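Below is protein_24.cif, holding mmCIF, C-alpha atoms and all ligand atoms.
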data_model
loop_
_atom_site.label_atom_id
_atom_site.label_comp_id
_atom_site.auth_asym_id
_atom_site.auth_seq_id
_atom_site.Cartn_x
_atom_site.Cartn_y
_atom_site.Cartn_z
CA MET D 1 0.00 0.00 0.00
CA ILE D 2 1.28 3.47 -0.89
CA PRO D 3 0.31 5.64 2.10
CA VAL D 4 -0.93 9.22 1.80
CA THR D 5 1.97 10.29 3.99
CA LYS D 6 5.00 8.75 5.64
CA PRO D 7 7.19 10.13 8.41
CA PHE D 8 10.64 11.35 7.38
CA PHE D 9 13.40 9.20 8.87
CA PRO D 10 16.64 11.13 9.24
CA ASN D 11 20.07 9.55 9.13
CA SER D 12 20.11 7.09 12.02
CA ASP D 13 23.84 7.43 12.78
CA ALA D 14 23.31 11.10 13.55
CA TYR D 15 20.47 10.17 15.92
CA LYS D 16 22.55 7.47 17.59
CA ARG D 17 25.31 9.98 18.31
CA TYR D 18 22.78 12.26 19.97
CA ILE D 19 21.40 9.34 21.99
CA ASP D 20 24.93 8.57 23.27
CA GLN D 21 25.22 12.19 24.34
CA ILE D 22 21.85 12.04 26.13
CA TRP D 23 23.07 8.95 28.00
CA ALA D 24 26.29 10.74 28.89
CA ASN D 25 24.37 13.81 30.09
CA GLU D 26 22.02 11.61 32.14
CA TRP D 27 19.21 14.05 31.41
CA ILE D 28 15.96 12.99 29.69
CA THR D 29 13.46 15.85 30.04
CA ASN D 30 12.72 19.19 31.81
CA ASN D 31 14.24 21.79 29.51
CA GLY D 32 17.42 19.87 28.82
CA TYR D 33 20.40 20.61 26.60
CA PHE D 34 18.81 19.26 23.39
CA VAL D 35 15.47 20.98 23.95
CA LYS D 36 17.26 24.31 24.31
CA LYS D 37 19.50 23.57 21.34
CA PHE D 38 16.52 22.52 19.18
CA GLU D 39 14.64 25.72 20.10
CA SER D 40 17.61 27.86 19.25
CA GLU D 41 18.26 26.06 15.92
CA LEU D 42 14.57 26.40 15.01
CA GLY D 43 14.73 30.12 15.75
CA LYS D 44 17.76 30.46 13.46
CA GLU D 45 16.21 28.38 10.69
CA LEU D 46 12.98 30.37 10.72
CA ASN D 47 14.65 33.67 11.41
CA THR D 48 12.17 34.27 14.23
CA GLN D 49 12.68 34.94 17.88
CA ASN D 50 12.13 32.47 20.64
CA PRO D 51 10.01 29.56 19.51
CA ILE D 52 8.60 27.64 22.48
CA LEU D 53 8.87 23.89 22.05
CA VAL D 54 5.94 21.95 23.49
CA SER D 55 4.77 18.35 23.46
CA ASN D 56 2.38 18.61 20.51
CA GLY D 57 0.51 21.02 18.27
CA THR D 58 -2.77 20.53 20.12
CA ILE D 59 -1.47 21.47 23.56
CA ALA D 60 0.14 24.46 21.81
CA ILE D 61 -3.32 25.75 20.84
CA GLN D 62 -4.73 25.04 24.30
CA MET D 63 -1.84 26.85 25.98
CA CYS D 64 -2.45 29.87 23.74
CA ILE D 65 -6.13 29.96 24.71
CA LYS D 66 -5.10 29.85 28.38
CA ALA D 67 -2.35 32.43 28.05
CA LEU D 68 -4.75 34.91 26.43
CA ASN D 69 -7.49 34.12 28.98
CA LEU D 70 -9.98 33.50 26.21
CA THR D 71 -13.58 32.89 27.20
CA GLY D 72 -16.97 32.82 25.48
CA GLU D 73 -16.96 32.54 21.71
CA ILE D 74 -14.02 31.99 19.40
CA ILE D 75 -14.56 32.49 15.68
CA THR D 76 -12.79 29.76 13.75
CA THR D 77 -12.69 27.76 10.55
CA PRO D 78 -14.66 24.55 10.07
CA PHE D 79 -12.20 23.38 7.42
CA THR D 80 -9.15 22.26 9.41
CA TYR D 81 -7.96 19.30 11.42
CA VAL D 82 -10.23 18.47 14.35
CA ALA D 83 -7.62 19.66 16.88
CA THR D 84 -8.30 23.33 16.10
CA THR D 85 -11.95 22.96 17.09
CA SER D 86 -11.54 20.39 19.85
CA SER D 87 -8.96 22.59 21.62
CA ILE D 88 -11.49 25.44 21.73
CA VAL D 89 -14.17 23.18 23.21
CA TRP D 90 -11.67 21.57 25.60
CA GLU D 91 -10.87 25.04 26.94
CA ASN D 92 -14.58 25.64 27.58
CA CYS D 93 -15.02 28.12 24.78
CA LYS D 94 -17.58 27.92 22.02
CA PRO D 95 -16.38 27.57 18.42
CA VAL D 96 -18.35 29.82 16.08
CA PHE D 97 -17.64 28.83 12.49
CA ALA D 98 -17.06 31.38 9.77
CA ASP D 99 -17.30 29.79 6.35
CA ILE D 100 -14.26 29.41 4.10
CA ASP D 101 -13.26 30.94 0.80
CA GLU D 102 -13.64 28.11 -1.73
CA ASN D 103 -10.59 29.30 -3.66
CA THR D 104 -8.08 29.41 -0.81
CA LEU D 105 -9.79 26.98 1.62
CA ASN D 106 -9.06 29.47 4.39
CA ILE D 107 -11.49 31.32 6.65
CA ASP D 108 -13.25 34.03 4.64
CA PRO D 109 -12.75 37.39 6.40
CA SER D 110 -15.96 38.74 4.87
CA LYS D 111 -17.88 36.02 6.74
CA VAL D 112 -16.18 36.82 10.05
CA GLU D 113 -17.32 40.37 10.79
CA SER D 114 -21.03 39.55 11.13
CA LEU D 115 -20.23 36.80 13.65
CA VAL D 116 -18.39 39.09 16.07
CA SER D 117 -20.53 39.62 19.17
CA GLY D 118 -20.05 40.87 22.70
CA LYS D 119 -19.06 37.32 23.62
CA THR D 120 -16.31 36.98 21.02
CA SER D 121 -12.84 36.82 22.55
CA ALA D 122 -10.71 35.74 19.58
CA ILE D 123 -10.31 34.39 16.08
CA ILE D 124 -8.41 31.13 15.63
CA ALA D 125 -7.66 30.65 11.95
CA THR D 126 -5.78 27.83 10.24
CA HIS D 127 -3.43 28.49 7.34
CA CYS D 128 -4.87 25.52 5.51
CA PHE D 129 -2.37 23.18 3.82
CA GLY D 130 0.35 25.78 4.41
CA ASN D 131 -1.44 28.45 2.37
CA ALA D 132 -1.62 31.81 4.16
CA CYS D 133 -4.93 33.27 5.31
CA ASP D 134 -5.82 36.84 4.37
CA ILE D 135 -3.78 37.98 7.36
CA GLU D 136 -4.27 41.76 6.94
CA ALA D 137 -8.07 41.44 6.79
CA LEU D 138 -8.13 39.28 9.94
CA VAL D 139 -5.76 41.60 11.80
CA SER D 140 -7.94 44.57 10.94
CA ILE D 141 -11.12 42.85 12.22
CA CYS D 142 -9.35 41.88 15.46
CA ASP D 143 -7.94 45.38 15.97
CA LYS D 144 -11.31 46.98 15.31
CA HIS D 145 -13.07 44.79 17.88
CA GLY D 146 -10.23 44.41 20.38
CA ILE D 147 -10.12 40.63 20.12
CA ALA D 148 -7.15 38.29 19.92
CA LEU D 149 -5.82 36.53 16.82
CA ILE D 150 -4.26 33.08 16.94
CA PHE D 151 -3.05 31.22 13.89
CA ASP D 152 -3.02 27.45 13.85
CA ALA D 153 -0.03 27.21 11.55
CA ALA D 154 0.39 23.45 12.04
CA HIS D 155 0.90 22.97 8.29
CA CYS D 156 3.26 25.88 7.83
CA PHE D 157 6.82 24.99 8.72
CA GLY D 158 8.91 26.87 6.17
CA THR D 159 6.03 28.93 4.77
CA LEU D 160 6.83 32.60 4.20
CA TYR D 161 4.46 35.56 4.12
CA ASN D 162 5.72 38.84 2.72
CA GLY D 163 9.17 37.27 2.89
CA LYS D 164 8.96 36.58 6.64
CA SER D 165 8.18 33.41 8.53
CA ILE D 166 4.41 33.08 8.68
CA PHE D 167 4.77 32.28 12.39
CA GLU D 168 5.47 35.96 13.05
CA PHE D 169 1.85 36.93 12.38
CA GLY D 170 -1.04 37.04 14.83
CA ASP D 171 -0.84 37.54 18.58
CA LEU D 172 0.26 33.93 18.86
CA SER D 173 0.94 31.30 16.27
CA THR D 174 1.30 27.55 16.71
CA CYS D 175 2.86 24.74 14.73
CA SER D 176 2.81 20.94 14.93
CA LEU D 177 5.94 18.82 14.77
CA HIS D 178 4.02 15.55 14.61
CA ALA D 179 5.71 12.70 12.73
CA THR D 180 3.45 13.14 9.70
CA LYS D 181 4.22 16.83 9.32
CA LEU D 182 6.87 18.11 6.95
CA MET D 183 9.21 19.06 9.80
CA HIS D 184 8.86 16.85 12.87
CA CYS D 185 10.34 15.51 16.09
CA GLY D 186 8.07 12.48 16.50
CA GLU D 187 5.59 14.28 18.71
CA GLY D 188 6.01 18.00 19.26
CA GLY D 189 4.65 21.47 18.74
CA LEU D 190 5.72 25.10 18.73
CA ILE D 191 4.32 28.39 19.93
CA PHE D 192 5.48 31.75 18.62
CA SER D 193 4.77 34.99 20.43
CA ASN D 194 5.96 38.46 19.57
CA ASN D 195 4.79 39.65 22.97
CA THR D 196 7.48 39.24 25.64
CA ASP D 197 5.01 38.92 28.52
CA LYS D 198 3.08 36.16 26.79
CA TYR D 199 6.34 34.45 25.89
CA GLU D 200 7.38 34.35 29.54
CA GLN D 201 3.92 33.28 30.67
CA LEU D 202 3.79 30.44 28.13
CA LYS D 203 7.09 29.11 29.42
CA TYR D 204 5.63 28.99 32.94
CA ILE D 205 2.45 27.36 31.63
CA ARG D 206 4.53 24.69 29.87
CA ASN D 207 6.07 23.64 33.16
CA PHE D 208 3.06 23.39 35.53
CA GLY D 209 3.37 27.08 36.36
CA HIS D 210 6.58 26.45 38.32
CA ASP D 211 8.64 29.50 39.18
CA GLY D 212 11.46 27.66 40.90
CA PRO D 213 10.92 24.53 42.99
CA GLU D 214 8.70 26.11 45.64
CA ASN D 215 6.91 28.92 43.83
CA PHE D 216 4.16 29.05 41.24
CA HIS D 217 3.66 31.85 38.77
CA GLY D 218 0.09 30.73 37.98
CA LEU D 219 -1.90 27.90 36.48
CA GLY D 220 0.09 25.59 34.24
CA ILE D 221 0.14 22.19 32.61
CA ASN D 222 2.74 19.71 31.41
CA GLY D 223 3.53 20.89 27.89
CA LYS D 224 7.17 19.80 27.94
CA THR D 225 8.99 17.61 25.50
CA SER D 226 11.93 15.28 25.98
CA GLU D 227 15.58 15.20 24.95
CA LEU D 228 14.83 12.15 22.79
CA HIS D 229 12.26 14.09 20.79
CA ALA D 230 14.37 17.22 20.56
CA ALA D 231 17.37 15.20 19.31
CA LEU D 232 15.18 13.58 16.65
CA GLY D 233 13.98 17.05 15.65
CA LEU D 234 17.58 18.29 15.34
CA CYS D 235 18.34 15.40 12.99
CA VAL D 236 15.29 16.12 10.82
CA LEU D 237 16.07 19.85 10.80
CA GLU D 238 19.50 19.13 9.31
CA GLU D 239 17.80 17.55 6.33
CA LEU D 240 15.07 20.17 5.96
CA PRO D 241 16.39 21.74 2.72
CA ALA D 242 16.13 18.34 1.01
CA ILE D 243 12.64 17.78 2.47
CA LEU D 244 11.37 21.14 1.22
CA SER D 245 12.86 20.83 -2.24
CA SER D 246 11.61 17.29 -2.70
CA ARG D 247 8.03 18.35 -1.86
CA LYS D 248 8.19 21.25 -4.24
CA LYS D 249 9.47 19.03 -7.03
CA GLN D 250 6.85 16.34 -6.36
CA SER D 251 4.07 18.95 -6.36
CA GLU D 252 5.26 20.29 -9.69
CA ILE D 253 5.33 16.75 -11.08
CA TYR D 254 1.70 16.25 -10.00
CA ASP D 255 0.79 19.65 -11.55
CA ASP D 256 2.30 18.46 -14.78
CA LEU D 257 0.92 14.94 -14.84
CA LEU D 258 -2.60 15.99 -13.86
CA GLN D 259 -3.02 18.64 -16.54
CA GLY D 260 -6.41 18.20 -18.16
CA LEU D 261 -7.94 16.40 -15.16
CA GLU D 262 -11.21 18.03 -14.12
CA VAL D 263 -10.10 19.18 -10.66
CA THR D 264 -9.12 22.48 -9.07
CA ARG D 265 -6.29 23.33 -6.70
CA PRO D 266 -6.32 25.81 -3.80
CA ILE D 267 -5.24 29.27 -4.91
CA VAL D 268 -2.16 30.41 -3.03
CA SER D 269 -1.93 34.04 -1.92
CA ALA D 270 0.59 36.06 -3.94
CA LYS D 271 2.18 37.16 -0.64
CA CYS D 272 2.76 33.57 0.40
CA GLU D 273 5.62 31.28 -0.44
CA PRO D 274 4.13 27.90 0.45
CA ASN D 275 5.93 24.79 1.73
CA TYR D 276 4.08 22.25 -0.44
CA SER D 277 3.08 20.30 2.63
CA TYR D 278 0.07 18.58 1.03
CA TYR D 279 -1.30 17.95 -2.43
CA PRO D 280 -5.08 18.36 -2.30
CA ILE D 281 -7.26 18.23 -5.41
CA ILE D 282 -10.90 19.33 -5.53
CA PHE D 283 -13.33 17.45 -7.73
CA PRO D 284 -16.49 18.96 -9.24
CA THR D 285 -18.68 16.49 -7.33
CA MET D 286 -18.52 14.17 -4.33
CA GLU D 287 -19.25 11.22 -6.64
CA ALA D 288 -16.13 11.96 -8.70
CA CYS D 289 -14.09 12.35 -5.51
CA LEU D 290 -15.21 9.02 -4.06
CA LYS D 291 -14.74 7.27 -7.37
CA ALA D 292 -11.15 8.55 -7.54
CA ARG D 293 -10.47 7.47 -3.97
CA ASP D 294 -11.82 3.97 -4.63
CA LEU D 295 -9.98 3.57 -7.93
CA LEU D 296 -6.73 4.55 -6.25
CA ALA D 297 -7.42 2.19 -3.34
CA ASP D 298 -7.98 -0.65 -5.84
CA SER D 299 -4.45 -0.14 -7.11
CA GLY D 300 -2.96 -0.02 -3.62
CA ILE D 301 -2.83 3.76 -3.22
CA GLN D 302 -4.23 5.56 -0.22
CA ALA D 303 -5.62 9.03 -0.91
CA ARG D 304 -7.29 10.70 2.02
CA ARG D 305 -10.40 12.85 2.32
CA TYR D 306 -8.55 15.59 4.08
CA PHE D 307 -10.47 17.35 5.63
CA PHE D 308 -13.64 15.42 6.00
CA PRO D 309 -16.08 15.91 7.66
CA SER D 310 -16.48 19.66 7.86
CA LEU D 311 -16.09 20.27 11.61
CA ASN D 312 -19.54 21.82 12.07
CA LYS D 313 -20.68 18.18 11.75
CA LEU D 314 -18.92 17.06 14.94
CA ASN D 315 -21.36 15.47 17.37
CA TYR D 316 -20.35 17.84 20.17
CA ILE D 317 -20.99 21.00 18.16
CA GLU D 318 -24.36 22.70 17.88
CA ALA D 319 -25.67 23.03 14.31
CA GLN D 320 -24.12 25.85 12.27
CA GLU D 321 -24.33 26.43 8.53
CA VAL D 322 -21.14 26.66 6.51
CA PRO D 323 -22.05 25.58 2.97
CA SER D 324 -18.67 26.24 1.35
CA SER D 325 -16.81 24.19 3.94
CA GLU D 326 -19.28 21.32 3.59
CA SER D 327 -19.12 21.48 -0.17
CA ILE D 328 -15.30 21.48 -0.31
CA SER D 329 -14.90 18.77 2.31
CA SER D 330 -17.22 16.49 0.36
CA ARG D 331 -15.12 16.84 -2.83
CA ILE D 332 -11.49 17.09 -1.73
CA LEU D 333 -8.82 14.41 -1.78
CA SER D 334 -5.19 14.64 -0.68
CA LEU D 335 -2.82 12.63 -2.83
CA PRO D 336 0.23 10.81 -1.45
CA LEU D 337 3.09 13.21 -0.79
CA TYR D 338 6.17 12.36 1.23
CA PHE D 339 9.94 12.44 1.01
CA ASN D 340 11.24 10.14 -1.71
CA LEU D 341 7.78 9.32 -3.07
CA PRO D 342 8.95 7.67 -6.31
CA PHE D 343 8.22 9.33 -9.65
CA GLU D 344 6.91 5.98 -10.91
CA ILE D 345 4.22 5.99 -8.22
CA GLN D 346 3.23 9.56 -9.03
CA LYS D 347 2.86 8.46 -12.67
CA GLN D 348 0.74 5.51 -11.61
CA ILE D 349 -1.49 7.78 -9.46
CA ALA D 350 -1.89 10.28 -12.28
CA GLY D 351 -2.57 7.50 -14.77
CA THR D 352 -5.32 6.09 -12.56
CA LEU D 353 -6.94 9.52 -12.15
CA MET D 354 -6.66 10.41 -15.82
CA SER D 355 -8.37 7.12 -16.76
CA MET D 356 -11.51 8.01 -14.78
C1 LIG D 401 -1.62 18.19 12.96
C2 LIG D 401 -2.52 19.33 13.24
C3 LIG D 401 -2.80 19.76 14.56
C4 LIG D 401 -2.41 18.95 15.76
O1 LIG D 401 -1.06 18.80 15.94
P1 LIG D 401 -0.53 17.60 16.86
O2 LIG D 401 0.93 17.89 16.96
O3 LIG D 401 -0.82 16.32 16.14
O4 LIG D 401 -1.23 17.68 18.16
C5 LIG D 401 -3.55 20.91 14.74
N1 LIG D 401 -4.03 21.61 13.69
C6 LIG D 401 -3.81 21.22 12.42
C7 LIG D 401 -4.35 22.06 11.31
C8 LIG D 401 -3.08 20.05 12.16
O5 LIG D 401 -2.91 19.64 10.90
#
Any chance you could put this one into structure tokens?
Ligand SMILES: *Cc1c(COP(=O)(O)O)cnc(C)c1O
Amino acid sequence: MIPVTKPFFPNSDAYKRYIDQIWANEWITNNGYFVKKFESELGKELNTQNPILVSNGTIAIQMCIKALNLTGEIITTPFTYVATTSSIVWENCKPVFADIDENTLNIDPSKVESLVSGKTSAIIATHCFGNACDIEALVSICDKHGIALIFDAAHCFGTLYNGKSIFEFGDLSTCSLHATKLMHCGEGGLIFSNNTDKYEQLKYIRNFGHDGPENFHGLGINGKTSELHAALGLCVLEELPAILSSRKKQSEIYDDLLQGLEVTRPIVSAKCEPNYSYYPIIFPTMEACLKARDLLADSGIQARRYFFPSLNKLNYIEAQEVPSSESISSRILSLPLYFNLPFEIQKQIAGTLMSM
């Protein structure tokens, strides 16, 4: 079976050398040498200040909601991975869905304004598939209403916006370093804050609120990650240029091979340099989408309905209408894309789709 994605395995000798060093240091977790080194290397790579390494991309979102003291309603996108919505509910806030723009698959700012109420405390928007939201429009709505802006940038490692890391936008921005993401450390996440106070507070939150062994700064949780994960992340980071260029090349190959197929692709903002983290195609109908998925499955290829269902359909969410999100989620398929996906397989996938 050709999977839709596959974790990147870095050179194992490099990892083994790090493991020997961890054994020599006799230090496994709690802000160790490799965690600090990984954070500092990530900051250099992204040309951003002070990323905060946490245990996953979901806790990253939850920590942001806590750090900003969000309550009441949070306007968000229904077309994202479930973690964006579930984190909001988990933190006892109510997700209010603004529909998406069918061209970009991102939250549509023109649908947001009418949903802002006295109860709204923030917008949490996802840069879907590594394609930037209309950041200026969202910032202006948040400024006008005095509400916070968080970006779930889980898909965005390496994405640039106006030539800068996309993580620099919003009050806070999060990323996932899960094994299936383009850049990973097995399980991990990142938080980016341009606000020094929030940065300090998030570091306390990550470590139970501890301020020294006997003092507590405030409420916290365990959002830490281990030396073993950080060392794995350092190994993957060393090979990042190859990962990024291979994705770009594979995406261009798909573009080429699929010319003439009756599908559309998300439109990428001109200000955004994407990271080619996924290869979604949108069919004209759900029937065509399911037929393509089944045909591919018959020849041993897994394509995934990513994202399906539209999150307004979750059984713990009260009914809300977002027709564009429902329409797109019923017709979208992500094709296999991972490091070293062979050209022959891409040809086979394209051949299957073109024969429909
Ligand atoms: C992967 C992902 C998350 C969750 O990240 P984890 O590290 O798996 O917890 C959140 N949001 C989006 C959009 C994701 O794709």
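Listed by chain and then residue number, the contacts of ligand LIG 401 (chain D) are Asn56, Gly57, Thr58, Thr80, Tyr81, Ala83, Thr84, Asp152, Ala154, His155, Ser176, Leu177, His178, Gly188 and Gly189 of chain D (distance at most 6 Å, using all atoms listed in the file).
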Please provide the set of residues having any atom within 9 Å of range 85-97 of chain D, restricted to all atoms listed in the file, with same-chain residues fewer than 4 positions apart removed, written as a VMD selection string. chain D and resid 58 to 59 61 to 62 65 to 66 70 to 78 80 to 81 107 112 115 120 124 311 to 312 316 to 317 320 to 322
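Residues within 9 Å of range 245-250 of chain D, counting all atoms listed in the file and excluding same-chain residues fewer than 6 positions away, are Leu182, Asn275, Tyr276, Ser277, Tyr278, Leu337, Tyr338, Phe339, Asn340, Leu341, Pro342, Phe343 and Gln346 of chain D.
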Please measure the separation of CA of Leu333 in chain D and CA of Asp101 in chain D, giving the value in Å to one decimal.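 Interatomic distance here is 17.3 Å.
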Neighbours of point (-7.1, 6.2, -13.9) within 12 Å, using all atoms listed in the file, written as a ChimeraX atom specification: /D:257-258,261,288,291-299,301,346-356
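In this model, the gap between CA of Gln49 in chain D and CA of Ser193 in chain D comes to 8.3 Å.
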From the list D:Met63, D:Leu240, D:Leu219, D:Ile267, which residue is nearest Ser173 in chain D when using only C-alpha atoms? D:Met63
Give me, as a PDB file with C-alpha atoms, keeping the file's coordinate frame, all polymer residues having an atom no more than 10 Å from Ser12 in chain D, counting all atoms listed in the file and skipping those fewer than 5 positions away in the same chain.
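What landed in selection-v2.pdb:
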ATOM      1  CA  ARG D  17      25.310   9.980  18.310  1.00  0.00           C
ATOM      2  CA  TYR D  18      22.780  12.260  19.970  1.00  0.00           C
ATOM      3  CA  LEU D 232      15.180  13.580  16.650  1.00  0.00           C
ATOM      4  CA  CYS D 235      18.340  15.400  12.990  1.00  0.00           C
TER       5      CYS D 235
END
Rounded to one decimal place, report the CA of Pro336 in chain D-CA of His184 in chain D distance in Å. 17.8 Å
Quick one: residues within 9 Å of Gly233 in chain D, all atoms listed in the file counted, chain neighbours fewer than 4 positions away excluded, as a list in words? Phe38, Leu177, Met183, His184, Cys185, Gly186, Gly188, Leu228, His229, Leu237 and Glu238 of chain D
Hey, what's within 8 Å of Leu149 in chain D if we count only C-alpha atoms and toss same-chain stuff fewer than 5 positions away? As a VMD selection string, please? chain D and resid 122 to 125 138 to 139 142 170 to 172
Around range 210-220 of chain D, with edges along x, y and z and 6 Å added on all six sides, what centre and edge lengths do you get, in Å to one decimal, as JSON?
{"center_x": 4.8, "center_y": 28.2, "center_z": 39.9, "size_x": 25.4, "size_y": 19.3, "size_z": 23.4}
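Closest approach to Tyr161 in chain D among D:Ser269, D:Ser226, D:Ser140, D:Ser251 is made by D:Ser269 (distances from all atoms listed in the file).
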Nearest candidate to Asp255 in chain D (options D:Pro3, D:Leu335, D:Ser330, D:Asp13; using all atoms listed in the file):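 Closest residue, counting all atoms listed in the file: D:Leu335.
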Min atom-atom distance to Ile19 in chain D from the set D:Asp99, D:Ala230, D:Cys64, D:Ile141, counting all atoms listed in the file, belongs to D:Ala230
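If you measure from each of D:His210, D:Arg304, D:Lys111, D:Arg331 to Ile2 in chain D using only C-alpha atoms, the closest one turns out to be D:Arg304.
Considering the residues D:Ser40, D:Thr29, D:Ser310, D:Thr48 and counting all atoms listed in the file, Pro323 in chain D has its shortest atom-to-atom contact with D:Ser310.
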